[in-house]
$ cat coords36.cif   # mmCIF, C-alpha atoms
data_query
#
loop_
_atom_site.label_atom_id
_atom_site.label_comp_id
_atom_site.auth_asym_id
_atom_site.auth_seq_id
_atom_site.Cartn_x
_atom_site.Cartn_y
_atom_site.Cartn_z
CA MET A 498 19.80 142.16 156.35
CA GLU A 499 21.34 144.02 159.31
CA LEU A 500 24.67 145.71 158.65
CA PRO A 501 26.66 143.75 161.30
CA VAL A 502 25.55 140.54 159.58
CA VAL A 503 26.57 141.95 156.21
CA VAL A 504 30.01 142.89 157.54
CA GLU A 505 30.55 139.36 158.85
CA GLY A 506 29.48 137.94 155.49
CA VAL A 507 32.02 140.07 153.64
CA MET A 508 34.77 139.11 156.11
CA SER A 509 33.92 135.41 155.76
CA ALA A 510 34.16 135.71 151.98
CA GLY A 511 37.61 137.27 152.34
CA ALA A 512 38.71 134.54 154.76
CA ARG A 513 37.64 131.82 152.30
CA LEU A 514 39.82 133.47 149.66
CA GLY A 515 42.81 133.16 151.99
CA LEU A 516 43.27 136.81 152.95
CA ALA A 517 45.69 137.31 155.81
CA ASN A 518 44.34 138.32 159.22
CA PRO A 519 45.91 141.82 159.10
CA THR A 520 44.22 142.42 155.73
CA LEU A 521 40.86 141.27 157.08
CA LYS A 522 41.32 143.48 160.13
CA TYR A 523 42.03 146.49 157.90
CA TYR A 524 38.92 145.96 155.78
CA ARG A 525 36.79 145.32 158.85
CA ALA A 526 37.85 148.76 160.08
CA CYS A 527 36.86 150.24 156.71
CA CYS A 528 33.48 148.51 156.90
CA CYS A 529 32.95 149.92 160.39
CA VAL A 530 33.41 153.43 158.98
CA VAL A 531 30.57 152.71 156.55
CA VAL A 532 28.41 151.26 159.33
CA ARG A 533 28.90 154.34 161.52
CA PHE A 534 27.97 156.59 158.59
CA CYS A 535 24.74 154.65 158.11
CA GLN A 536 24.01 155.05 161.82
CA THR A 537 24.34 158.83 161.48
CA ARG A 538 21.62 158.58 158.83
CA GLU A 539 19.54 156.47 161.24
CA SER A 540 19.52 153.58 158.80
CA ALA A 541 20.16 149.93 159.61
CA ARG A 542 20.86 149.18 155.94
CA LEU A 543 23.11 150.53 153.21
CA THR A 544 21.21 151.89 150.22
CA ASP A 545 22.24 153.48 146.93
CA ALA A 546 21.29 156.91 148.24
CA ILE A 547 23.33 156.50 151.42
CA LEU A 548 26.25 155.12 149.40
CA ALA A 549 26.22 158.25 147.23
CA GLU A 550 26.19 160.44 150.37
CA PHE A 551 29.01 158.40 151.88
CA LEU A 552 31.22 158.73 148.79
CA ALA A 553 30.56 162.47 148.63
CA ALA A 554 31.54 162.78 152.29
CA MET A 555 34.74 160.79 151.68
CA ASP A 556 35.55 163.02 148.70
CA GLU A 557 35.25 166.02 150.99
CA ARG A 558 37.53 164.38 153.57
CA LEU A 559 40.03 163.69 150.78
CA ARG A 560 39.86 167.33 149.68
CA ARG A 561 40.55 168.46 153.23
CA LYS A 562 43.43 165.93 153.36
CA GLU A 563 41.91 164.12 156.33
CA ILE A 564 42.40 160.85 154.42
CA GLY A 565 44.60 159.86 151.50
CA ALA A 566 43.64 158.64 148.04
CA VAL A 567 44.35 154.99 148.93
CA MET A 568 42.13 155.14 152.03
CA ARG A 569 39.41 156.85 149.98
CA SER A 570 39.59 154.06 147.41
CA ASN A 571 39.49 151.28 150.04
CA LEU A 572 36.54 152.87 151.84
CA GLU A 573 34.62 152.92 148.55
CA LYS A 574 35.62 149.32 147.86
CA SER A 575 34.38 148.25 151.32
CA ALA A 576 31.10 150.12 150.94
CA ARG A 577 30.39 148.60 147.54
CA MET A 578 31.18 145.11 148.80
CA LEU A 579 28.74 145.61 151.68
CA LEU A 580 26.02 146.72 149.27
CA GLU A 581 26.78 143.80 146.95
CA PHE A 582 26.56 141.26 149.78
CA GLU A 583 23.34 142.77 151.13
CA ARG A 584 21.71 142.38 147.71
CA ALA A 585 23.14 139.09 146.48
CA GLY A 586 24.20 137.29 149.66
CA ALA A 587 27.70 136.95 148.17
CA VAL A 588 30.56 139.22 147.19
CA ASN A 589 33.11 139.13 144.37
CA TRP A 590 36.25 140.18 146.22
CA GLN A 591 38.56 141.66 143.61
CA ARG A 592 40.85 144.57 142.93
CA ARG A 593 38.85 147.68 142.14
CA ARG A 594 40.06 150.79 140.44
CA PRO A 595 40.29 153.96 142.52
CA ALA A 596 37.60 156.59 142.23
CA SER A 597 37.66 158.63 139.04
CA GLY A 598 38.51 161.81 140.94
CA LEU A 599 35.93 163.79 138.96
CA ARG A 600 33.58 166.37 140.37
CA GLY A 601 29.90 165.51 140.61
CA ALA A 602 28.82 167.12 137.32
CA SER A 603 31.79 165.70 135.38
CA ALA A 604 31.22 162.24 136.84
CA MET A 605 27.57 162.37 135.73
CA VAL A 606 28.61 163.44 132.22
CA LEU A 607 31.12 160.58 132.03
CA ASP A 608 28.51 158.03 133.16
CA ALA A 609 25.95 159.27 130.63
CA PHE A 610 28.52 159.38 127.83
CA SER A 611 29.73 155.86 128.67
CA ALA A 612 26.17 154.53 128.67
CA SER A 613 25.49 156.07 125.25
CA ALA A 614 28.65 154.52 123.79
CA CYS A 615 27.84 151.04 125.07
CA GLY A 616 25.13 150.62 122.46
CA GLU A 617 27.43 151.58 119.59
CA LEU A 618 30.90 150.26 120.40
CA SER A 619 32.46 147.07 121.69
CA ALA A 620 33.27 146.76 125.37
CA GLY A 621 37.00 147.24 124.77
CA SER A 622 36.45 150.39 122.71
CA VAL A 623 34.14 151.81 125.39
CA ARG A 624 36.81 151.28 128.06
CA LEU A 625 39.39 153.04 125.91
CA LEU A 626 36.96 155.88 125.26
CA VAL A 627 36.15 156.32 128.94
CA VAL A 628 39.84 156.41 129.95
CA GLU A 629 40.59 159.17 127.46
CA VAL A 630 37.50 161.23 128.28
CA ARG A 631 38.08 160.90 132.03
CA GLN A 632 41.53 162.44 131.62
CA PHE A 633 40.09 165.36 129.65
CA LEU A 634 37.32 165.99 132.19
CA ARG A 635 39.90 165.96 134.99
CA HIS A 636 41.78 168.63 133.05
CA LEU A 637 38.64 170.77 132.90
CA ASP A 638 37.98 170.23 136.62
CA ALA A 639 41.51 171.42 137.41
CA LEU A 640 40.85 174.56 135.38
CA GLY A 641 37.57 175.15 137.19
CA ARG A 642 35.61 174.68 133.98
CA ASP A 643 32.96 172.32 132.68
CA LEU A 644 31.55 171.53 129.24
CA ALA A 645 29.23 174.54 129.41
CA THR A 646 32.14 176.99 129.84
CA VAL A 647 34.95 175.19 128.01
CA LYS A 648 36.84 177.13 125.32
CA VAL A 649 38.81 176.11 122.26
CA ASP A 650 42.03 177.15 123.99
CA ASP A 651 41.25 174.71 126.83
CA VAL A 652 40.96 171.82 124.38
CA ARG A 653 44.13 172.88 122.58
CA ALA A 654 46.04 173.18 125.86
CA TYR A 655 44.93 169.70 126.90
CA LEU A 656 46.12 168.16 123.64
CA VAL A 657 49.51 169.85 124.03
CA SER A 658 49.85 168.63 127.63
CA ALA A 659 48.74 165.09 126.76
CA ARG A 660 51.05 164.64 123.77
CA PRO A 661 54.16 163.52 125.77
CA ARG A 662 52.14 160.65 127.30
CA HIS A 663 51.18 159.21 123.90
CA ASN A 664 54.27 157.95 122.13
CA ALA A 665 52.22 155.94 119.64
CA GLY A 666 50.18 158.96 118.51
CA MET A 667 47.17 161.02 119.53
CA GLY A 668 44.62 159.19 117.41
CA ASN A 669 42.68 157.67 120.30
CA THR A 670 42.70 160.92 122.29
CA VAL A 671 41.38 162.99 119.39
CA TRP A 672 38.77 160.36 118.58
CA ALA A 673 37.53 160.31 122.20
CA ILE A 674 37.30 164.09 122.51
CA LYS A 675 35.44 164.38 119.18
CA ARG A 676 32.89 161.80 120.34
CA LEU A 677 32.52 163.55 123.70
CA PHE A 678 31.75 166.90 122.08
CA ALA A 679 29.38 165.28 119.57
CA PHE A 680 27.52 163.79 122.55
CA ALA A 681 27.61 167.10 124.45
CA ASN A 682 26.40 169.08 121.40
CA GLN A 683 23.55 166.64 120.85
CA HIS A 684 22.35 166.92 124.45
CA GLY A 685 22.82 170.68 124.77
CA LEU A 686 25.69 170.46 127.26
CA THR A 687 27.90 172.78 125.22
CA ALA A 688 27.71 174.96 122.14
CA LEU A 689 31.42 174.60 121.35
CA ARG A 690 32.24 172.80 118.11
CA VAL A 691 35.64 171.17 117.88
CA ASP A 692 35.40 169.52 114.46
CA GLY A 693 37.54 172.20 112.83
CA LEU A 694 40.18 172.07 115.54
CA LEU A 695 40.39 168.27 115.51
CA ALA A 696 40.08 167.76 111.76
CA ARG A 697 42.73 165.45 110.41
CA VAL A 698 45.10 167.41 108.21
CA GLY A 699 47.07 164.42 106.99
CA PRO A 700 46.82 160.63 106.72
CA ARG A 701 47.18 158.71 109.94
CA ARG A 702 50.61 157.13 110.34
CA VAL A 703 50.33 153.44 111.14
CA ARG A 704 53.22 152.31 113.28
CA VAL A 705 54.29 148.72 112.63
CA LEU A 706 55.74 147.27 115.82
CA PRO A 707 58.07 144.25 115.70
CA CYS A 708 57.38 140.63 116.40
CA PHE A 709 59.82 138.13 117.90
CA THR A 710 62.07 136.10 115.65
CA ALA A 711 61.85 132.32 115.71
CA GLN A 712 65.07 132.20 117.76
CA GLU A 713 63.83 134.81 120.24
CA THR A 714 60.56 132.93 120.62
CA ALA A 715 62.39 129.68 121.35
CA ASN A 716 64.68 131.43 123.84
CA ILE A 717 61.76 133.00 125.72
CA VAL A 718 59.90 129.70 126.04
CA ALA A 719 63.07 127.88 127.10
CA ALA A 720 64.00 130.56 129.64
CA ILE A 721 60.81 130.21 131.67
CA GLU A 722 61.51 128.05 134.71
CA THR A 723 58.55 125.70 135.03
CA GLY A 724 59.62 124.34 138.40
CA SER A 725 57.68 127.02 140.28
CA ALA A 726 54.01 128.00 140.24
CA HIS A 727 55.01 131.38 138.81
CA GLY A 728 56.90 129.69 136.01
CA LYS A 729 54.11 127.21 135.23
CA ARG A 730 51.59 130.04 134.92
CA ASP A 731 53.88 132.23 132.81
CA HIS A 732 54.83 129.33 130.55
CA ALA A 733 51.20 128.43 129.93
CA MET A 734 50.28 132.04 129.16
CA VAL A 735 53.21 132.53 126.75
CA VAL A 736 52.66 129.33 124.74
CA LEU A 737 48.91 130.07 124.67
CA ALA A 738 49.60 133.54 123.23
CA LEU A 739 52.03 132.15 120.65
CA SER A 740 49.77 129.32 119.49
CA THR A 741 46.47 131.22 119.37
CA GLY A 742 47.35 134.91 119.01
CA LEU A 743 44.95 135.78 121.82
CA ARG A 744 45.27 139.23 123.37
CA GLY A 745 46.64 139.45 126.89
CA GLY A 746 43.26 140.62 128.22
CA ASP A 747 41.53 137.59 126.69
CA ILE A 748 44.11 135.23 128.19
CA THR A 749 43.69 136.63 131.70
CA ALA A 750 39.90 136.48 131.27
CA LEU A 751 39.89 132.91 129.89
CA ARG A 752 37.52 130.75 131.97
CA LEU A 753 37.81 127.07 132.75
CA ASP A 754 34.50 126.34 131.03
CA GLU A 755 35.73 127.95 127.78
CA ILE A 756 38.22 125.13 127.17
CA ASP A 757 36.71 122.07 125.45
CA TRP A 758 39.21 119.34 126.31
CA ARG A 759 37.37 116.70 124.28
CA ARG A 760 37.49 118.72 121.07
CA ASP A 761 40.82 120.44 121.86
CA GLU A 762 39.23 123.85 121.32
CA ILE A 763 38.94 127.21 123.04
CA ARG A 764 35.61 128.95 122.57
CA MET A 765 35.29 132.43 124.01
CA VAL A 766 34.04 135.95 123.40
CA GLN A 767 36.81 138.47 122.83
CA HIS A 768 37.01 141.17 125.44
CA LYS A 769 37.91 143.98 123.02
CA THR A 770 35.49 143.32 120.16
CA SER A 771 32.77 141.28 121.95
CA ALA A 772 32.96 138.87 119.00
CA PRO A 773 33.01 135.07 119.55
CA VAL A 774 36.04 133.11 118.40
CA THR A 775 36.89 129.39 118.28
CA LEU A 776 40.57 128.40 118.27
CA PRO A 777 42.39 125.05 118.24
CA LEU A 778 44.16 123.98 121.42
CA LEU A 779 47.49 122.48 120.40
CA ALA A 780 48.99 119.62 122.39
CA GLN A 781 51.95 121.63 123.70
CA THR A 782 49.65 124.44 124.81
CA GLY A 783 47.15 122.07 126.40
CA ASN A 784 49.91 120.28 128.32
CA ALA A 785 51.26 123.58 129.63
CA ILE A 786 47.82 124.64 130.84
CA VAL A 787 47.22 121.24 132.46
CA ASP A 788 50.58 121.46 134.26
CA TRP A 789 49.55 124.85 135.65
CA LEU A 790 46.07 123.69 136.65
CA LEU A 791 47.23 120.52 138.39
CA ASN A 792 50.56 121.56 139.86
CA GLY A 793 50.61 125.36 140.17
CA ARG A 794 47.16 126.91 140.41
CA PRO A 795 45.97 127.60 143.98
CA ALA A 796 42.83 125.78 145.10
CA CYS A 797 40.12 128.43 144.70
CA GLU A 798 36.63 129.05 143.35
CA ALA A 799 37.68 131.57 140.68
CA PRO A 800 36.25 130.66 137.24
CA GLU A 801 39.32 131.96 135.39
CA VAL A 802 42.16 129.68 134.31
CA PHE A 803 44.91 132.09 135.39
CA VAL A 804 44.68 133.58 138.88
CA ARG A 805 46.84 135.36 141.43
CA LEU A 806 49.31 133.27 143.44
CA LYS A 807 48.66 135.30 146.60
CA ALA A 808 45.32 135.82 148.28
CA PRO A 809 42.81 136.79 147.14
CA PHE A 810 43.07 134.08 144.47
CA VAL A 811 41.15 135.91 141.79
CA LYS A 812 41.55 136.89 138.14
CA LEU A 813 44.80 138.57 137.14
CA THR A 814 44.54 142.32 136.67
CA GLY A 815 46.84 145.26 136.09
CA PRO A 816 50.10 145.08 134.09
CA THR A 817 50.25 141.28 134.06
CA GLY A 818 51.84 141.01 130.62
CA ALA A 819 54.49 143.63 131.34
CA LEU A 820 55.48 141.94 134.61
CA LEU A 821 55.61 138.54 132.91
CA MET A 822 57.85 139.73 130.06
CA GLY A 823 60.03 141.67 132.48
CA ARG A 824 60.74 138.43 134.33
CA TRP A 825 61.93 136.44 131.32
CA LEU A 826 63.18 138.66 128.45
CA ASP A 827 66.55 139.35 130.07
CA LYS A 828 66.96 135.72 131.03
CA ALA A 829 66.19 134.75 127.43
CA GLY A 830 68.88 137.11 126.17
CA VAL A 831 66.39 139.21 124.19
CA ALA A 832 67.55 142.82 123.95
CA HIS A 833 64.75 145.26 124.71
CA HIS A 834 64.10 148.79 125.88
CA ALA A 835 61.10 150.96 126.69
CA GLY A 836 58.93 151.65 123.66
CA ASP A 837 60.53 149.06 121.36
CA GLY A 838 57.31 147.02 121.12
CA LYS A 839 58.76 143.86 122.64
CA THR A 840 55.85 143.38 125.00
CA PHE A 841 53.40 140.59 125.75
CA HIS A 842 51.30 141.85 122.82
CA ALA A 843 54.30 141.14 120.58
CA LEU A 844 53.51 137.45 121.11
CA ARG A 845 50.19 138.08 119.33
CA ARG A 846 51.99 139.88 116.50
CA THR A 847 54.39 136.93 116.30
CA ALA A 848 51.49 134.48 115.96
CA GLY A 849 49.90 136.61 113.23
CA THR A 850 53.17 136.97 111.33
CA ARG A 851 53.82 133.22 111.45
CA LEU A 852 50.36 132.67 109.97
CA VAL A 853 51.11 135.03 107.08
CA GLU A 854 54.51 133.40 106.54
CA SER A 855 52.87 129.98 106.39
CA GLY A 856 50.86 131.12 103.37
CA ALA A 857 47.55 131.64 105.13
CA GLU A 858 45.16 134.03 103.43
CA LEU A 859 44.55 137.38 105.13
CA ALA A 860 40.91 136.44 105.66
CA LEU A 861 41.97 133.37 107.65
CA THR A 862 44.53 135.39 109.60
CA ALA A 863 41.86 137.95 110.47
CA GLN A 864 39.51 135.17 111.57
CA VAL A 865 42.09 133.50 113.83
CA LEU A 866 43.21 136.79 115.38
CA GLY A 867 39.63 137.96 115.80
CA HIS A 868 40.03 141.09 113.68
CA ALA A 869 36.76 142.71 112.67
CA SER A 870 38.32 143.77 109.35
CA VAL A 871 40.97 142.31 107.07
CA GLU A 872 42.58 145.76 107.04
CA SER A 873 43.66 145.22 110.66
CA SER A 874 45.59 142.11 109.58
CA ARG A 875 47.45 143.76 106.71
CA ARG A 876 50.18 145.15 108.96
CA TYR A 877 51.35 141.60 109.65
CA ILE A 878 52.49 141.41 106.03
CA ALA A 879 55.10 144.06 106.80
CA LEU A 880 56.55 141.81 109.53
CA ALA A 881 56.86 138.75 107.29
CA ASP A 882 60.38 139.52 106.03
CA GLU A 883 60.98 136.23 104.22
CA SER A 884 57.66 136.43 102.38
CA LEU A 885 58.38 140.02 101.35
CA ARG A 886 61.73 138.95 99.87
CA ASP A 887 59.86 136.55 97.59
CA CYS A 888 57.95 139.55 96.22
CA CYS A 889 61.07 141.51 95.24
CA LEU A 890 61.49 142.17 91.52
CA PRO A 891 64.84 141.39 89.89
CA LEU A 892 67.02 144.29 88.73
CA ASP A 893 68.97 142.32 86.13
CA GLY A 894 67.41 144.11 83.17
CA LEU A 895 68.13 147.60 84.49
CA THR A 896 71.30 149.43 83.54
CA CYS A 897 73.07 151.58 86.12
CA THR A 898 73.58 155.14 84.87
CA ARG A 899 75.48 156.39 87.87
CA GLU A 900 78.70 155.03 89.28
CA GLY A 901 77.39 155.23 92.84
CA LEU A 902 74.69 152.67 92.06
CA GLN A 903 77.08 150.05 90.71
#
$ encode --input "coords36.cif" --output "structure tokens"
Amino acid sequence: MELPVVVEGVMSAGARLGLANPTLKYYRACCCVVVRFCQTRESARLTDAILAEFLAAMDERLRRKEIGAVMRSNLEKSARMLLEFERAGAVNWQRRRPASGLRGASAMVLDAFSASACGELSAGSVRLLVVEVRQFLRHLDALGRDLATVKVDDVRAYLVSARPRHNAGMGNTVWAIKRLFAFANQHGLTALRVDGLLARVGPRRVRVLPCFTAQETANIVAAIETGSAHGKRDHAMVVLALSTGLRGGDITALRLDEIDWRRDEIRMVQHKTSAPVTLPLLAQTGNAIVDWLLNGRPACEAPEVFVRLKAPFVKLTGPTGALLMGRWLDKAGVAHHAGDGKTFHALRRTAGTRLVESGAELALTAQVLGHASVESSRRYIALADESLRDCCLPLDGLTCTREGLQ
């Protein structure tokens, strides 16, 4: 397929999604940059090899400050869409993350490490692992080092510099770096051993974040204005989270074909654990979703239930939960501040806590929430205040020996 035809195909796909003319004009200009690069290689088609050369050339332009990081990212996005359309005759126009910013050797290490982890961990764990390792490799690139020349002091310095960014603890960072070095040791990429440096010297502290009270939950639901498309979507997402305990990522990824309206069930594969789960669809939740689908959702071909309200009408990405809660917590009169745990994920903790308070066994709670282990569900016991009060032992038979205790 000739490149001019491919460009028109990509532009037509964007037009069908409702992209504004200035946006289409911008991406057409980006596509033309790719086309001209292919012409310098005397090729009428875009191939993987030419794409790699193109990205390397754009990295060099970025280094020389001829283009900015946003332009570099959009040029890569345009090139990949052209290649996708040439191969499949269609393109999935969506937001794409910027380039990793890693040097060639570090990028290859990250790709190989990610591929090796895919066979051992769930998709969500692999994504978390890659994010942490990418940050560490960027640190090495900034120092002018790689895994072959890295020193213990470099690892220690990175941990010290990363600590302020991890309020909840360094567990995930340490875990990721240990796995990276185990992989690098196994494949002869480095002789440095970090097990001694990263050995756990004490038990891991498990932080129990709060859930919403029954009154706060009612206030949040009541505060959402369902007269607008924004409100209908937010209302459906909130009541879905409260009734099922689904993670925010699973809610934004929920597809239309995963809702069985005849059986009033949701059947999906969890994004984090890759485990299937079947959950009941309560009447209130179903009605909220129907209201969004019929009266708020833009007409589009996206398979997901919840989509953007502005073109392109595709799956929600980015900090969707944070933006949603930011819109309604103040209106609901719920006091909150940064780091207090009153986030969209708190709706999941609320659902889990209500299950425990209802008398459900931990095994059932783990099954509903999609936990791979019952141990992950135990922290919800600490949030069930009323149930914990029932477990308190009376002090009637104990005699006070100090006046201050009377």
$ atom_distance --input "coords36.cif" --atom1 "CA of Leu626 (chain A)" --atom2 "CA of Ser575 (chain A)"
27.3 Å
$ closest_residue --input "coords36.cif" --among "A:Ser725, A:Ser740, A:Thr770, A:Thr749" --to "Asn792 (chain A)" --atoms "only C-alpha atoms"
A:Ser725
$ closest_atom_pairs --input "coords36.cif" --of "region 507-605 of chain A" --to "region 642-659 of chain A" --cutoff "10 Å" --atoms "only C-alpha atoms" --output "CSV"
residue,atom,partner,partner_atom,distance
A:Arg600,CA,A:Asp643,CA,9.7
A:Ala602,CA,A:Asp643,CA,8.1
A:Ser603,CA,A:Asp643,CA,7.2
$ write_last_selection --input "coords36.cif" --atoms "C-alpha atoms" --output "short mmCIF file (atom, residue, chain, number, x, y, z; two decimals), keeping the file's coordinate frame"
data_model
loop_
_atom_site.label_atom_id
_atom_site.label_comp_id
_atom_site.auth_asym_id
_atom_site.auth_seq_id
_atom_site.Cartn_x
_atom_site.Cartn_y
_atom_site.Cartn_z
CA ARG A 600 33.58 166.37 140.37
CA ALA A 602 28.82 167.12 137.32
CA SER A 603 31.79 165.70 135.38
#
$ residues_around --input "coords36.cif" --residues "region 509-519 of chain A" --least-positions-apart "6" --cutoff "10 Å" --atoms "all atoms listed in the file" --output "PyMOL selection string"
chain A and resi 503+525+582+587-591+796-799+807-811
$ resolve_selection --input "coords36.cif" --expression "the PyMOL selection byres ((chain A and resi 717) around 8)" --output "compact mmCIF listing (two decimals) with C-alpha atoms, keeping the file's coordinate frame"
# COMPACT_ATOMS: atom_id res chain seq x y z
CA GLU A 713 63.83 134.81 120.24
CA THR A 714 60.56 132.93 120.62
CA ALA A 715 62.39 129.68 121.35
CA ASN A 716 64.68 131.43 123.84
CA VAL A 718 59.90 129.70 126.04
CA ALA A 719 63.07 127.88 127.10
CA ALA A 720 64.00 130.56 129.64
CA ILE A 721 60.81 130.21 131.67
CA TRP A 825 61.93 136.44 131.32
CA LEU A 826 63.18 138.66 128.45
CA LYS A 828 66.96 135.72 131.03
CA ALA A 829 66.19 134.75 127.43
CA VAL A 831 66.39 139.21 124.19
$ resolve_selection --input "coords36.cif" --expression "the PyMOL selection byres ((chain A and resi 554) around 12)" --output "PyMOL selection string"
chain A and resi 530-531+534+547-553+555-561+563-564+569+572-573
$ closest_residue --input "coords36.cif" --among "A:Arg764, A:His636, A:Arg690, A:His868" --to "Arg676 (chain A)" --atoms "all atoms listed in the file"
A:Arg690
$ residues_near_point --input "coords36.cif" --point "(53.1, 128.8, 123.5)" --cutoff "10 Å" --atoms "only C-alpha atoms" --output "list in words"
Thr714, Ala715, Ile717, Val718, Asp731, His732, Ala733, Met734, Val735, Val736, Leu737, Ala738, Leu739, Ser740, Thr741, Gly742, Leu779, Gln781, Thr782, Gly783, Ala785, Ile786, Leu844 and Ala848 of chain A
$ closest_residue --input "coords36.cif" --among "A:Pro501, A:Gly693, A:Gly616, A:Pro707" --to "Thr847 (chain A)" --atoms "all atoms listed in the file"
A:Pro707
$ closest_residue --input "coords36.cif" --among "A:Thr850, A:Thr520, A:Ser622, A:Thr775" --to "Gln864 (chain A)" --atoms "only C-alpha atoms"
A:Thr775
$ residues_near_point --input "coords36.cif" --point "(37.5, 166.5, 139.7)" --cutoff "8 Å" --atoms "all atoms listed in the file" --output "ChimeraX atom specification"
/A:597-601,603,634-635,638-639
$ closest_residue --input "coords36.cif" --among "A:Ala673, A:Ala832, A:Leu776, A:Leu640" --to "Leu861 (chain A)" --atoms "only C-alpha atoms"
A:Leu776
$ residues_around --input "coords36.cif" --residues "Lys839 (chain A)" --least-positions-apart "5" --cutoff "8 Å" --atoms "all atoms listed in the file" --output "JSON, numbers by chain"
{"A": [707, 708, 709, 833, 834]}
$ write_last_selection --input "coords36.cif" --atoms "C-alpha atoms" --output "mmCIF file, keeping the file's coordinate frame"
data_model
loop_
_atom_site.group_PDB
_atom_site.id
_atom_site.type_symbol
_atom_site.label_atom_id
_atom_site.label_comp_id
_atom_site.auth_asym_id
_atom_site.auth_seq_id
_atom_site.Cartn_x
_atom_site.Cartn_y
_atom_site.Cartn_z
ATOM 1 C CA PRO A 707 58.070 144.250 115.700
ATOM 2 C CA CYS A 708 57.380 140.630 116.400
ATOM 3 C CA PHE A 709 59.820 138.130 117.900
ATOM 4 C CA HIS A 833 64.750 145.260 124.710
ATOM 5 C CA HIS A 834 64.100 148.790 125.880
#
$ atom_distance --input "coords36.cif" --atom1 "CA of Arg845 (chain A)" --atom2 "CA of Val627 (chain A)"
24.9 Å
$ closest_residue --input "coords36.cif" --among "A:Thr814, A:Gly586, A:Leu821, A:Trp789" --to "Thr723 (chain A)" --atoms "only C-alpha atoms"
A:Trp789
$ atom_distance --input "coords36.cif" --atom1 "CA of Gly838 (chain A)" --atom2 "CA of Leu706 (chain A)"
5.5 Å
$ decode --input "coords36.cif" --residues "region 719-723 of chain A" --atoms "all heavy atoms" --output "short mmCIF file (atom, residue, chain, number, x, y, z; two decimals), in the first residue's frame"
data_model
loop_
_atom_site.label_atom_id
_atom_site.label_comp_id
_atom_site.auth_asym_id
_atom_site.auth_seq_id
_atom_site.Cartn_x
_atom_site.Cartn_y
_atom_site.Cartn_z
N ALA A 719 -25.12 11.23 45.95
CA ALA A 719 -26.15 12.27 45.81
C ALA A 719 -25.60 13.54 45.19
O ALA A 719 -26.34 14.29 44.54
CB ALA A 719 -26.76 12.57 47.18
N ALA A 720 -24.30 13.80 45.37
CA ALA A 720 -23.71 15.04 44.87
C ALA A 720 -23.50 15.04 43.37
O ALA A 720 -23.39 16.11 42.75
CB ALA A 720 -22.37 15.30 45.58
N ILE A 721 -23.42 13.88 42.76
CA ILE A 721 -23.14 13.80 41.33
C ILE A 721 -24.37 14.25 40.54
O ILE A 721 -25.45 13.68 40.67
CB ILE A 721 -22.75 12.37 40.92
CG1 ILE A 721 -21.51 11.93 41.71
CG2 ILE A 721 -22.48 12.29 39.42
CD1 ILE A 721 -21.08 10.50 41.44
N GLU A 722 -24.20 15.27 39.73
CA GLU A 722 -25.30 15.82 38.95
C GLU A 722 -25.48 14.99 37.67
O GLU A 722 -24.67 15.06 36.75
CB GLU A 722 -24.99 17.28 38.60
CG GLU A 722 -24.81 18.16 39.83
CD GLU A 722 -24.26 19.53 39.48
OE1 GLU A 722 -23.93 19.74 38.29
OE2 GLU A 722 -24.15 20.38 40.38
N THR A 723 -26.56 14.25 37.62
CA THR A 723 -26.78 13.33 36.50
C THR A 723 -27.50 13.99 35.33
O THR A 723 -27.94 13.30 34.42
CB THR A 723 -27.58 12.11 36.98
OG1 THR A 723 -28.81 12.55 37.58
CG2 THR A 723 -26.79 11.32 38.01
#
